[in-house]
Every structure is written in structure tokens, then in C-alpha cells.
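Shown here: final.cif, mmCIF, C-alpha atoms.
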```cif
data_query
loop_
_atom_site.label_atom_id
_atom_site.label_comp_id
_atom_site.auth_asym_id
_atom_site.auth_seq_id
_atom_site.Cartn_x
_atom_site.Cartn_y
_atom_site.Cartn_z
CA MET A 521 -83.64 17.71 -54.44
CA SER A 522 -83.02 21.08 -56.06
CA ASP A 523 -79.92 19.72 -57.78
CA GLN A 524 -81.86 16.94 -59.46
CA ALA A 525 -84.69 19.22 -60.53
CA HIS A 526 -82.03 21.39 -62.12
CA VAL A 527 -80.73 18.49 -64.19
CA ARG A 528 -84.17 17.75 -65.58
CA THR A 529 -84.47 21.15 -67.23
CA GLU A 530 -81.13 20.88 -69.02
CA HIS A 531 -80.45 18.70 -72.03
CA ASP A 532 -77.14 17.39 -70.80
CA LEU A 533 -76.22 14.50 -68.59
CA ALA A 534 -73.14 14.13 -66.42
CA PRO A 535 -71.16 10.94 -67.00
CA GLY A 536 -72.56 8.17 -64.83
CA GLU A 537 -75.90 9.90 -64.61
CA GLU A 538 -79.08 8.36 -65.96
CA GLU A 539 -82.09 9.97 -67.51
CA GLN A 540 -84.90 10.29 -65.02
CA HIS A 541 -86.08 6.83 -64.07
CA SER A 542 -87.78 5.37 -61.04
CA VAL A 543 -85.65 3.54 -58.50
CA GLY A 544 -87.03 0.18 -59.65
CA GLU A 545 -86.05 0.80 -63.28
CA ARG A 546 -82.56 1.88 -62.25
CA VAL A 547 -82.07 -1.24 -60.10
CA ILE A 548 -83.25 -3.43 -62.99
CA GLY A 549 -80.68 -1.72 -65.23
CA TYR A 550 -77.88 -2.68 -62.83
CA VAL A 551 -79.21 -6.24 -62.49
CA VAL A 552 -79.28 -6.68 -66.28
CA GLY A 553 -75.73 -5.30 -66.51
CA LEU A 554 -74.54 -7.63 -63.75
CA ALA A 555 -76.14 -10.67 -65.42
CA LEU A 556 -74.62 -9.85 -68.83
CA ALA A 557 -71.19 -9.19 -67.31
CA LEU A 558 -71.29 -12.46 -65.34
CA LEU A 559 -72.30 -14.34 -68.49
CA LEU A 560 -69.44 -12.82 -70.51
CA THR A 561 -66.93 -13.44 -67.69
CA ALA A 562 -68.00 -17.07 -67.36
CA THR A 563 -67.69 -17.50 -71.14
CA SER A 564 -64.17 -16.00 -71.05
CA PHE A 565 -62.99 -18.33 -68.31
CA PHE A 566 -64.63 -21.31 -70.03
CA ILE A 567 -63.12 -20.51 -73.43
CA ALA A 568 -59.64 -20.03 -71.95
CA GLY A 569 -59.50 -23.56 -70.57
CA THR A 570 -61.42 -25.58 -73.12
CA ASP A 571 -60.34 -27.97 -75.85
CA LEU A 572 -63.71 -27.79 -77.57
CA VAL A 573 -62.86 -24.97 -79.97
CA TRP A 574 -60.12 -24.47 -82.53
CA GLN A 575 -57.13 -23.40 -80.44
CA PRO A 576 -55.86 -20.41 -82.53
CA SER A 577 -59.31 -18.81 -82.23
CA ILE A 578 -59.08 -18.59 -78.44
CA PRO A 579 -57.03 -15.34 -78.14
CA VAL A 580 -59.33 -13.58 -80.61
CA ALA A 581 -62.41 -14.84 -78.78
CA LEU A 582 -61.00 -13.65 -75.43
CA ILE A 583 -60.30 -10.17 -76.79
CA VAL A 584 -63.76 -9.91 -78.37
CA LEU A 585 -65.40 -11.06 -75.11
CA ALA A 586 -63.35 -8.52 -73.13
CA ILE A 587 -64.40 -5.66 -75.43
CA ALA A 588 -68.03 -6.79 -75.21
CA GLN A 589 -67.85 -6.83 -71.42
CA MET A 590 -66.31 -3.35 -71.33
CA GLY A 591 -69.23 -2.20 -73.49
CA VAL A 592 -71.70 -3.75 -71.03
CA HIS A 593 -69.97 -1.94 -68.15
CA LEU A 594 -70.00 1.37 -70.02
CA VAL A 595 -73.71 1.18 -70.87
CA PHE A 596 -75.23 -0.39 -67.77
CA PHE A 597 -72.91 0.86 -64.99
CA LEU A 598 -71.45 4.12 -66.32
CA HIS A 599 -74.57 4.98 -68.36
CA ILE A 600 -72.61 6.18 -71.37
CA THR A 601 -75.22 5.98 -74.12
CA THR A 602 -75.72 7.31 -77.63
CA GLY A 603 -78.43 9.70 -76.48
CA PRO A 604 -78.20 13.37 -77.48
CA ASP A 605 -77.71 14.39 -73.86
CA ASN A 606 -74.56 12.25 -73.72
CA THR A 607 -72.68 13.68 -76.72
CA ASN A 608 -69.91 15.31 -74.69
CA ASN A 609 -69.23 12.17 -72.65
CA VAL A 610 -69.12 9.97 -75.75
CA LEU A 611 -66.76 12.35 -77.56
CA ALA A 612 -64.36 12.38 -74.59
CA LEU A 613 -64.50 8.58 -74.49
CA ALA A 614 -63.86 8.37 -78.23
CA PHE A 615 -60.75 10.53 -77.90
CA GLY A 616 -59.53 8.45 -74.96
CA LEU A 617 -60.00 5.26 -76.99
CA LEU A 618 -58.11 6.78 -79.92
CA VAL A 619 -55.10 7.46 -77.68
CA VAL A 620 -55.34 3.98 -76.13
CA PHE A 621 -55.32 2.30 -79.54
CA LEU A 622 -52.46 4.49 -80.77
CA VAL A 623 -50.36 3.68 -77.70
CA VAL A 624 -51.04 -0.07 -77.52
CA GLY A 625 -51.32 -0.80 -81.24
CA GLY A 626 -48.40 1.46 -82.17
CA THR A 627 -46.14 0.00 -79.48
CA VAL A 628 -46.87 -3.61 -80.41
CA TRP A 629 -46.51 -2.89 -84.13
CA ILE A 630 -43.20 -1.01 -83.83
CA MET A 631 -41.61 -3.39 -81.32
CA ALA A 632 -42.52 -6.44 -83.44
CA HIS A 633 -40.80 -4.84 -86.44
CA LEU A 634 -37.78 -3.81 -84.40
CA ASN A 635 -37.26 -7.45 -83.48
CA GLN A 636 -37.43 -8.32 -87.17
CA ASN A 637 -35.34 -5.48 -88.56
CA MET A 638 -32.67 -5.33 -85.90
CA PRO A 639 -31.52 -8.84 -85.05
CA PRO A 640 -28.65 -9.18 -82.55
CA MET A 641 -25.07 -8.58 -83.70
CA ASP A 642 -24.14 -12.27 -83.99
CA GLN A 643 -26.93 -12.73 -86.51
CA ILE A 644 -26.06 -9.60 -88.49
CA MET A 645 -22.36 -10.40 -88.91
CA PRO A 646 -22.82 -13.64 -90.92
CA MET A 647 -25.22 -11.77 -93.21
CA ARG A 648 -22.52 -9.23 -94.16
CA ARG A 649 -20.06 -11.75 -95.44
CA MET B 1090 -84.96 37.53 -91.36
CA SER B 1091 -84.94 33.89 -92.38
CA MET B 1092 -81.14 33.98 -92.53
CA THR B 1093 -80.86 35.14 -88.96
CA ALA B 1094 -83.28 32.43 -87.97
CA THR B 1095 -81.14 29.75 -89.68
CA ALA B 1096 -77.95 31.09 -88.13
CA GLY B 1097 -79.59 31.13 -84.75
CA HIS B 1098 -80.83 27.59 -85.30
CA ALA B 1099 -77.39 26.29 -86.28
CA HIS B 1100 -75.89 27.94 -83.25
CA ALA B 1101 -78.40 26.43 -80.85
CA ASP B 1102 -77.93 22.96 -82.30
CA PRO B 1103 -74.13 22.53 -82.54
CA HIS B 1104 -74.20 18.73 -82.55
CA HIS B 1105 -77.14 18.45 -85.01
CA ILE B 1106 -79.07 16.39 -82.55
CA GLY B 1107 -82.36 17.29 -84.18
CA PHE B 1108 -83.91 19.70 -81.76
CA VAL B 1109 -83.02 23.15 -80.55
CA VAL B 1110 -81.79 23.37 -77.00
CA ASP B 1111 -82.41 26.63 -75.23
CA HIS B 1112 -79.23 26.80 -73.22
CA PRO B 1113 -80.04 28.30 -69.87
CA GLY B 1114 -76.39 29.19 -69.27
CA PRO B 1115 -73.39 27.30 -67.93
CA ALA B 1116 -74.03 23.69 -66.95
CA SER B 1117 -74.80 22.88 -63.34
CA LYS B 1118 -71.91 22.19 -61.01
CA ARG B 1119 -72.92 18.51 -60.82
CA ILE B 1120 -72.40 18.11 -64.58
CA VAL B 1121 -69.15 20.10 -64.67
CA THR B 1122 -67.65 18.14 -61.76
CA ALA B 1123 -68.60 14.73 -63.11
CA TYR B 1124 -67.43 15.63 -66.62
CA GLY B 1125 -64.06 16.80 -65.32
CA PHE B 1126 -63.69 13.58 -63.36
CA TRP B 1127 -64.67 11.59 -66.47
CA VAL B 1128 -61.80 13.27 -68.36
CA PHE B 1129 -59.44 12.38 -65.49
CA LEU B 1130 -60.61 8.75 -65.64
CA LEU B 1131 -59.96 8.63 -69.38
CA SER B 1132 -56.44 9.95 -68.80
CA ASP B 1133 -56.01 7.26 -66.14
CA ILE B 1134 -57.09 4.66 -68.71
CA VAL B 1135 -54.52 6.10 -71.14
CA MET B 1136 -51.87 5.65 -68.43
CA PHE B 1137 -52.96 2.03 -67.97
CA SER B 1138 -52.72 1.52 -71.72
CA CYS B 1139 -48.99 2.36 -71.45
CA PHE B 1140 -48.59 -0.38 -68.82
CA PHE B 1141 -50.52 -2.76 -71.09
CA ALA B 1142 -48.28 -1.87 -74.04
CA ALA B 1143 -45.16 -2.49 -71.92
CA TYR B 1144 -46.60 -5.82 -70.78
CA ALA B 1145 -47.44 -6.87 -74.35
CA VAL B 1146 -43.86 -6.11 -75.46
CA LEU B 1147 -42.17 -7.79 -72.48
CA VAL B 1148 -44.44 -10.81 -72.03
CA GLY B 1149 -41.99 -13.13 -73.80
CA GLN B 1150 -38.84 -11.86 -72.06
CA THR B 1151 -38.78 -14.35 -69.21
CA ALA B 1152 -34.94 -14.55 -68.94
CA GLY B 1153 -35.12 -18.21 -68.01
CA GLY B 1154 -37.69 -17.50 -65.30
CA PRO B 1155 -41.27 -18.72 -65.17
CA LYS B 1156 -43.77 -18.10 -67.94
CA GLY B 1157 -47.22 -16.77 -67.19
CA SER B 1158 -48.87 -20.16 -67.56
CA GLU B 1159 -46.61 -21.54 -64.82
CA ILE B 1160 -47.48 -18.98 -62.12
CA PHE B 1161 -51.12 -17.94 -62.74
CA GLU B 1162 -53.90 -19.63 -60.79
CA GLN B 1163 -57.18 -19.26 -62.61
CA ARG B 1164 -59.30 -20.10 -59.56
CA ASN B 1165 -57.98 -17.07 -57.64
CA VAL B 1166 -58.46 -14.82 -60.65
CA ALA B 1167 -62.05 -16.00 -61.04
CA ILE B 1168 -62.78 -15.19 -57.38
CA GLU B 1169 -61.16 -11.75 -57.75
CA THR B 1170 -63.19 -11.07 -60.90
CA VAL B 1171 -66.50 -12.02 -59.29
CA CYS B 1172 -65.65 -9.89 -56.23
CA LEU B 1173 -64.98 -6.78 -58.31
CA LEU B 1174 -68.04 -7.36 -60.50
CA PHE B 1175 -70.39 -7.68 -57.53
CA SER B 1176 -68.74 -4.70 -55.82
CA SER B 1177 -69.46 -2.66 -58.94
CA PHE B 1178 -73.10 -3.72 -58.65
CA THR B 1179 -73.37 -2.87 -54.94
CA CYS B 1180 -71.64 0.47 -55.62
CA GLY B 1181 -74.41 1.17 -58.16
CA MET B 1182 -77.01 0.29 -55.52
CA ALA B 1183 -75.31 2.66 -53.05
CA SER B 1184 -75.37 5.52 -55.57
CA ILE B 1185 -79.09 4.95 -56.22
CA ALA B 1186 -79.66 4.98 -52.44
CA ALA B 1187 -77.68 8.24 -52.18
CA ASP B 1188 -79.86 9.80 -54.90
CA VAL B 1189 -83.04 8.96 -53.01
CA ARG B 1190 -81.45 9.89 -49.64
CA ASN B 1191 -81.85 6.45 -48.11
CA ARG B 1192 -79.18 6.11 -45.44
CA PHE B 1193 -79.70 2.42 -44.63
CA TRP B 1194 -79.29 1.14 -48.19
CA PHE B 1195 -76.44 3.58 -48.79
CA TYR B 1196 -74.44 2.30 -45.81
CA LEU B 1197 -75.29 -1.32 -46.65
CA GLY B 1198 -74.27 -0.96 -50.32
CA MET B 1199 -71.05 0.85 -49.45
CA ALA B 1200 -70.16 -1.66 -46.70
CA VAL B 1201 -70.63 -4.63 -49.05
CA THR B 1202 -68.59 -2.82 -51.73
CA CYS B 1203 -65.83 -2.24 -49.17
CA VAL B 1204 -65.78 -5.90 -48.04
CA LEU B 1205 -65.66 -7.19 -51.64
CA GLY B 1206 -62.87 -4.72 -52.47
CA LEU B 1207 -60.90 -5.88 -49.42
CA ILE B 1208 -61.34 -9.56 -50.38
CA PHE B 1209 -59.98 -8.69 -53.82
CA LEU B 1210 -56.99 -6.91 -52.30
CA VAL B 1211 -56.22 -9.76 -49.88
CA ILE B 1212 -56.25 -12.37 -52.67
CA GLU B 1213 -54.02 -10.19 -54.85
CA PHE B 1214 -51.62 -9.46 -51.99
CA ARG B 1215 -51.32 -13.16 -51.16
CA GLU B 1216 -50.65 -13.97 -54.81
CA PHE B 1217 -47.86 -11.35 -54.91
CA ALA B 1218 -46.38 -12.48 -51.57
CA ASP B 1219 -46.44 -16.11 -52.72
CA LEU B 1220 -44.67 -15.25 -55.99
CA ILE B 1221 -41.98 -13.21 -54.21
CA ALA B 1222 -41.48 -15.98 -51.64
CA ARG B 1223 -40.84 -18.44 -54.48
CA GLY B 1224 -38.17 -16.09 -55.88
CA TYR B 1225 -40.35 -14.80 -58.71
CA GLY B 1226 -40.31 -11.16 -57.61
CA PRO B 1227 -40.43 -8.20 -59.98
CA SER B 1228 -36.63 -8.23 -60.35
CA ARG B 1229 -36.56 -11.83 -61.68
CA SER B 1230 -37.34 -11.04 -65.36
CA ALA B 1231 -38.68 -8.28 -67.59
CA PHE B 1232 -41.94 -10.22 -67.89
CA LEU B 1233 -42.39 -10.26 -64.10
CA THR B 1234 -41.50 -6.55 -63.84
CA ALA B 1235 -44.23 -5.71 -66.37
CA PHE B 1236 -46.68 -8.08 -64.65
CA PHE B 1237 -46.11 -6.65 -61.16
CA SER B 1238 -46.28 -3.03 -62.32
CA LEU B 1239 -49.48 -3.51 -64.35
CA VAL B 1240 -51.42 -5.62 -61.82
CA GLY B 1241 -49.89 -3.75 -58.87
CA CYS B 1242 -50.92 -0.39 -60.34
CA HIS B 1243 -54.50 -1.63 -60.59
CA GLY B 1244 -54.25 -2.93 -57.01
CA LEU B 1245 -53.03 0.50 -55.84
CA HIS B 1246 -56.05 2.09 -57.51
CA VAL B 1247 -58.37 -0.35 -55.73
CA SER B 1248 -56.64 0.44 -52.40
CA ALA B 1249 -57.12 4.17 -53.00
CA GLY B 1250 -60.75 3.43 -53.96
CA VAL B 1251 -61.37 1.61 -50.67
CA LEU B 1252 -59.93 4.55 -48.71
CA TRP B 1253 -62.13 6.94 -50.71
CA LEU B 1254 -65.15 4.68 -50.06
CA LEU B 1255 -64.62 4.82 -46.28
CA THR B 1256 -64.19 8.61 -46.53
CA MET B 1257 -67.51 8.88 -48.36
CA MET B 1258 -69.29 6.82 -45.69
CA ALA B 1259 -67.81 9.04 -42.98
CA GLN B 1260 -68.78 12.21 -44.84
CA VAL B 1261 -72.37 11.07 -45.35
CA PHE B 1262 -72.47 10.10 -41.66
CA ALA B 1263 -71.14 13.49 -40.54
CA LYS B 1264 -72.67 15.86 -43.10
CA GLY B 1265 -75.63 14.03 -44.62
CA PHE B 1266 -76.63 13.98 -48.30
CA ARG B 1267 -75.56 17.55 -49.13
CA ALA B 1268 -75.17 18.54 -52.78
CA ASP B 1269 -71.36 18.60 -52.58
CA ILE B 1270 -71.26 15.20 -50.85
CA LEU B 1271 -73.49 13.77 -53.59
CA ARG B 1272 -71.10 15.14 -56.25
CA ARG B 1273 -68.20 13.36 -54.54
CA MET B 1274 -70.26 10.17 -54.31
CA MET B 1275 -70.93 10.40 -58.04
CA CYS B 1276 -67.21 10.73 -58.80
CA PHE B 1277 -66.46 7.80 -56.51
CA ALA B 1278 -69.01 5.60 -58.34
CA LEU B 1279 -67.43 6.55 -61.69
CA PHE B 1280 -63.98 5.71 -60.31
CA TRP B 1281 -65.08 2.31 -58.97
CA HIS B 1282 -66.85 1.31 -62.21
CA ALA B 1283 -63.79 2.41 -64.26
CA LEU B 1284 -61.56 0.21 -62.07
CA ASP B 1285 -63.78 -2.75 -62.93
CA ILE B 1286 -63.44 -1.98 -66.65
CA ILE B 1287 -59.65 -1.95 -66.30
CA TRP B 1288 -59.79 -5.25 -64.41
CA VAL B 1289 -61.71 -6.80 -67.35
CA ALA B 1290 -58.74 -5.93 -69.56
CA VAL B 1291 -56.27 -7.22 -66.93
CA PHE B 1292 -57.85 -10.63 -66.41
CA SER B 1293 -58.44 -11.14 -70.14
CA VAL B 1294 -55.04 -10.01 -71.40
CA VAL B 1295 -52.74 -10.98 -68.52
CA TYR B 1296 -54.30 -14.02 -66.87
CA LEU B 1297 -56.46 -15.76 -69.50
CA LEU B 1298 -54.34 -15.03 -72.59
CA GLY B 1299 -51.17 -15.59 -70.54
CA SER B 1300 -52.18 -18.97 -69.18
CA GLY B 1301 -53.39 -20.27 -72.52
CA VAL B 1302 -50.57 -19.26 -74.85
#
```
Step by step, read the file and then write its structure as C-alpha cells.
Amino acid sequence: MSDQAHVRTEHDLAPGEEEQHSVGERVIGYVVGLALALLLTATSFFIAGTDLVWQPSIPVALIVLAIAQMGVHLVFFLHITTGPDNTNNVLALAFGLLVVFLVVGGTVWIMAHLNQNMPPMDQIMPMRR
Amino acid sequence: MSMTATAGHAHADPHHIGFVVDHPGPASKRIVTAYGFWVFLLSDIVMFSCFFAAYAVLVGQTAGGPKGSEIFEQRNVAIETVCLLFSSFTCGMASIAADVRNRFWFYLGMAVTCVLGLIFLVIEFREFADLIARGYGPSRSAFLTAFFSLVGCHGLHVSAGVLWLLTMMAQVFAKGFRADILRRMMCFALFWHALDIIWVAVFSVVYLLGSGV
């Protein structure tokens, strides 16, 4: 128990660690997270196969639902919050997300333009005449 | 004197969080270990983002082979998703049990997590074996290469997680809830929850977007 008592005196939390709660409160936190995640998952699977909504909106809806579910996992399972004792963890996460968006967004952006700007040779040759 | 006081205040409150923290010295080993592992997990997520980027670029390059909508079975993916989600929950229960030193609930939570992880792996392995048997292996098209490497990389992580899980159960059995064992348990819980987050991206981007478009 000495390790936990040590944590209480410091104003910092390790990632994945909660502020001091009773066991019951912690279990309820996980149950709420599980319920929200199940709800979002069910919505995703429903949206993907339905004809009820405007079809071009489906990819956007799926991506928004996925981001929402990742948020639920981060808050309720990994306990990454906006609290002052979590600043270091949030900053590391923010940097990680920056790199992820640069890699994915930059790759998709550049490759889409390469397809446009560099068509195959048989398409370029007629253009030169 | 007031200047020194202000300087001291600014120094003690580097993030402007509103109150002065009297730092007692370096953070405890539990915080340092978990934070280091958190940084590793973020770098792992960055690595996965490269696989996702490759998949997004190559998803249309089917070379006359099957498209995603022709080979994905949503029922299997739904079962896999529910398995991983519930295993994340039971892993959380096991880490609470470890914190309060309750062996029974710890073993139960970890065992259920292990079984759910294994069900996930079996379903994924059968999906891969079925695709390869039909001639749609990773060498068939660039799309299938990207698909197998992205989903297979996640599957490898889950396999490593299951091995780690069994190791943790054995260590708690042999050594009890020592401080160093609890630190490892904390890192394992972080790893398992992060795998579930990556799976959310996989089933949304690969399976649901792929089968619809």
C-alpha cells in the first residue's frame, strides 16, 4: 500500500491511473465506458449497412463515430482526462496525434495529387501533341 | 522580496494550473514507468498510422482481384469487436482487483480477458486462412498486401498481449502483488486498452468503410 499512499501526496497521475476513488466508483466508471462503447459500436455497424440515411454521409458518420469511441476508451479505460494532474499524459497524447495526422493526412493528400499530376505515359503523350 | 516570490511562484506552477505544487522531488517509480510505457504506446500508434496510410493509398489497387466488399464478413467482425471490447472491460476489472490485492477477482478477470483475446485471434486466423485458401493471399494484390499487414500487425500485437497476460498471471501467482509486479500489470492494462483503440480504427476504416464503398 505504500506505493499508493505515495501517489496521493503528489499532484501527478501516471497514465491509466485514476484519482483516488472507491472500488465501486471505479467499477461504475468501467461499466459506463463499456455501455457507451457498445452503443457507439452498434451504431457504427448499423449505419454501415443501412439504407435509411443519405449514402454519401455514411463514411463521414463512420469516422466521427470511430473518433467518438476512441475518446470514450481514452477517458473511461485509459483515464486520460483534462485534470491538472494529467497534463503530461495529455501533452504526450497531443504530440502523438499530431504525428498521426501528419502521416495519414499528408500521405493521402500527396498520393491523391500524384495520381492527378502524374498520369501514366500513354495519357501524357497525347497531351504533348 | 515580492519579485522573488513571483519568480518562485512561476517556477512552481509551470503549467499554470492554478495552484502551487510543492514538488517533493522526482516522481515515484510507478509514474515514471507508466509514463515511459505511455510514450512507447504512442509511438506504436504512430507506427500503426503508417500502416493505415499505406492501406488508404492502396485500397483501390486490387489488380483484378477481389475488392474489400467481396471478402469482408461483417458478422465475424462484429463478434471480434465485441470480444475485444469486453476483454478491455475485464482487463479493467483485473487491474482494479490487483490494486486492492484481491487474488480471486484478479485471476478471474485475467482469465476471461485471455479467453476473449483467444476467441478474437481464432476468428481472425480463420478469416486469414479462408482468404488464403481461396487464393486471396497477401501476394494477390496491393490492396490485399496492405490489408494483411495492417490487420495482421494488430493480430500480432494481440498475440503478444495474450502471452504477456499469461506471464502476469504466473508472476502474481509466484511473487504476489509486489510493487514491481503491480507496475508491470499497469503497463499491461495500458497496452491492452491501446490495442482496443487501434481495433476501433481497424474495424471502422478497413471493414465498415471497405464493405460500404
Could you give me, as a Markdown table, every chain A residue with an atom at most 8 Å from chain B, plus its closest atom pair and distance in Å to one decimal, counting only C-alpha atoms, rows ordered by chain then number?
```
| residue | atom | partner | partner_atom | distance |
| --- | --- | --- | --- | --- |
| A:Asp523 | CA | B:Ala1268 | CA | 7.0 |
| A:His526 | CA | B:Ser1117 | CA | 7.5 |
| A:Val527 | CA | B:Ser1117 | CA | 7.4 |
| A:Glu530 | CA | B:His1112 | CA | 7.5 |
| A:His531 | CA | B:Val1110 | CA | 7.0 |
| A:Asp532 | CA | B:Ile1120 | CA | 7.9 |
| A:Leu533 | CA | B:Ile1120 | CA | 6.6 |
| A:Ala534 | CA | B:Ile1120 | CA | 4.4 |
| A:Pro535 | CA | B:Ala1123 | CA | 6.0 |
| A:Gly536 | CA | B:Leu1279 | CA | 6.2 |
| A:Val543 | CA | B:Ile1185 | CA | 7.1 |
| A:Arg546 | CA | B:Ile1185 | CA | 7.6 |
| A:Val547 | CA | B:Met1182 | CA | 7.0 |
| A:Tyr550 | CA | B:Phe1178 | CA | 6.4 |
| A:Val551 | CA | B:Phe1178 | CA | 7.6 |
| A:Leu554 | CA | B:Phe1178 | CA | 6.6 |
| A:Ala557 | CA | B:Leu1174 | CA | 7.7 |
| A:Leu558 | CA | B:Val1171 | CA | 7.7 |
| A:Ser564 | CA | B:Ser1293 | CA | 7.6 |
| A:Phe565 | CA | B:Leu1297 | CA | 7.1 |
| A:Ala568 | CA | B:Leu1297 | CA | 5.9 |
| A:Gly569 | CA | B:Gly1301 | CA | 7.2 |
| A:Pro579 | CA | B:Leu1298 | CA | 6.2 |
| A:Leu582 | CA | B:Ser1293 | CA | 6.4 |
| A:Ile583 | CA | B:Ser1293 | CA | 7.0 |
| A:Ala586 | CA | B:Val1289 | CA | 6.2 |
| A:Gln589 | CA | B:Val1289 | CA | 7.4 |
| A:Met590 | CA | B:Ile1286 | CA | 5.7 |
| A:His593 | CA | B:Ile1286 | CA | 6.7 |
| A:Phe597 | CA | B:His1282 | CA | 6.7 |
| A:Leu598 | CA | B:Leu1279 | CA | 6.6 |
| A:Pro604 | CA | B:Ile1106 | CA | 6.0 |
| A:Thr607 | CA | B:His1104 | CA | 7.9 |
| A:Asn609 | CA | B:Tyr1124 | CA | 7.2 |
| A:Ala612 | CA | B:Val1128 | CA | 6.8 |
| A:Leu613 | CA | B:Leu1131 | CA | 6.8 |
| A:Gly616 | CA | B:Leu1131 | CA | 5.6 |
| A:Val619 | CA | B:Val1135 | CA | 6.7 |
| A:Val620 | CA | B:Val1135 | CA | 5.5 |
| A:Val623 | CA | B:Cys1139 | CA | 6.5 |
| A:Val624 | CA | B:Ala1142 | CA | 4.8 |
| A:Gly625 | CA | B:Ala1142 | CA | 7.9 |
| A:Thr627 | CA | B:Ala1142 | CA | 6.1 |
| A:Val628 | CA | B:Val1146 | CA | 6.3 |
| A:Met631 | CA | B:Val1146 | CA | 6.8 |
```
Mind listing as a PyMOL selection string all residues within 9 Å of (-40.6, -16.1, -66.6), counting only C-alpha atoms? chain B and resi 1148-1157+1159-1160+1225+1229-1233
Pairwise distance for atom CA of B:Trp1194 and atom CA of A:Thr601, rounded to one decimal in Å: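 Going from atom CA of B:Trp1194 over to atom CA of A:Thr601 covers 26.7 Å.
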Specify as a count of residues only each residue included when the PyMOL selection byres ((chain B and resi 1253) around 12) is applied to this file. 26
If you measure from atom CA of B:His1243 to atom CA of A:Asn606, what distance in Å do you get, rounded to one decimal? 27.7 Å
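Interatomic distance, atom CA of B:Ser1158 against atom CA of B:Ile1221: 16.6 Å.
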Compare B:Phe1129, B:Phe1266, B:Phe1237, B:Phe1195 by their minimum atom-to-atom distance to B:Glu1216, counting only C-alpha atoms, and give me the closest one.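 For B:Glu1216, the nearest of the candidates is B:Phe1237.
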Taking into account all atoms listed in the file, which residue in the set A:Phe596, A:Phe621, A:Gln636, A:Asp605 is nearest to A:Glu545? A:Phe596
Residue neighbourhood B:Glu1169, 8 Å, only C-alpha atoms, exclusion window fewer than 2 positions, as a PyMOL selection string: chain B and resi 1165-1167+1171-1173+1208-1209+1212-1213
Atoms added to stretch 1180-1194 of chain B (N, CA and C atoms), reported as an mmCIF file, keeping the file's coordinate frame:
```cif
data_model
loop_
_atom_site.group_PDB
_atom_site.id
_atom_site.type_symbol
_atom_site.label_atom_id
_atom_site.label_comp_id
_atom_site.auth_asym_id
_atom_site.auth_seq_id
_atom_site.Cartn_x
_atom_site.Cartn_y
_atom_site.Cartn_z
ATOM 1 N N CYS B 1180 -71.958 -0.962 -55.552
ATOM 2 C CA CYS B 1180 -71.640 0.470 -55.620
ATOM 3 C C CYS B 1180 -72.757 1.208 -56.364
ATOM 4 N N GLY B 1181 -73.271 0.582 -57.450
ATOM 5 C CA GLY B 1181 -74.410 1.170 -58.160
ATOM 6 C C GLY B 1181 -75.624 1.294 -57.261
ATOM 7 N N MET B 1182 -75.875 0.240 -56.465
ATOM 8 C CA MET B 1182 -77.010 0.290 -55.520
ATOM 9 C C MET B 1182 -76.826 1.432 -54.531
ATOM 10 N N ALA B 1183 -75.567 1.594 -54.028
ATOM 11 C CA ALA B 1183 -75.310 2.660 -53.050
ATOM 12 C C ALA B 1183 -75.539 4.031 -53.681
ATOM 13 N N SER B 1184 -75.174 4.186 -54.985
ATOM 14 C CA SER B 1184 -75.370 5.520 -55.570
ATOM 15 C C SER B 1184 -76.849 5.790 -55.813
ATOM 16 N N ILE B 1185 -77.641 4.731 -56.125
ATOM 17 C CA ILE B 1185 -79.090 4.950 -56.220
ATOM 18 C C ILE B 1185 -79.633 5.368 -54.859
ATOM 19 N N ALA B 1186 -79.189 4.660 -53.794
ATOM 20 C CA ALA B 1186 -79.660 4.980 -52.440
ATOM 21 C C ALA B 1186 -79.292 6.411 -52.071
ATOM 22 N N ALA B 1187 -78.084 6.868 -52.480
ATOM 23 C CA ALA B 1187 -77.680 8.240 -52.180
ATOM 24 C C ALA B 1187 -78.604 9.227 -52.897
ATOM 25 N N ASP B 1188 -78.997 8.888 -54.148
ATOM 26 C CA ASP B 1188 -79.860 9.800 -54.900
ATOM 27 C C ASP B 1188 -81.234 9.944 -54.255
ATOM 28 N N VAL B 1189 -81.733 8.858 -53.652
ATOM 29 C CA VAL B 1189 -83.040 8.960 -53.010
ATOM 30 C C VAL B 1189 -82.921 9.185 -51.498
ATOM 31 N N ARG B 1190 -81.692 9.527 -51.041
ATOM 32 C CA ARG B 1190 -81.450 9.890 -49.640
ATOM 33 C C ARG B 1190 -81.863 8.790 -48.671
ATOM 34 N N ASN B 1191 -81.530 7.550 -49.008
ATOM 35 C CA ASN B 1191 -81.850 6.450 -48.110
ATOM 36 C C ASN B 1191 -80.565 6.002 -47.419
ATOM 37 N N ARG B 1192 -80.426 6.381 -46.141
ATOM 38 C CA ARG B 1192 -79.180 6.110 -45.440
ATOM 39 C C ARG B 1192 -78.911 4.624 -45.278
ATOM 40 N N PHE B 1193 -79.926 3.833 -44.918
ATOM 41 C CA PHE B 1193 -79.700 2.420 -44.630
ATOM 42 C C PHE B 1193 -79.117 1.705 -45.846
ATOM 43 N N TRP B 1194 -79.775 1.852 -47.001
ATOM 44 C CA TRP B 1194 -79.290 1.140 -48.190
ATOM 45 C C TRP B 1194 -77.960 1.701 -48.665
#
```
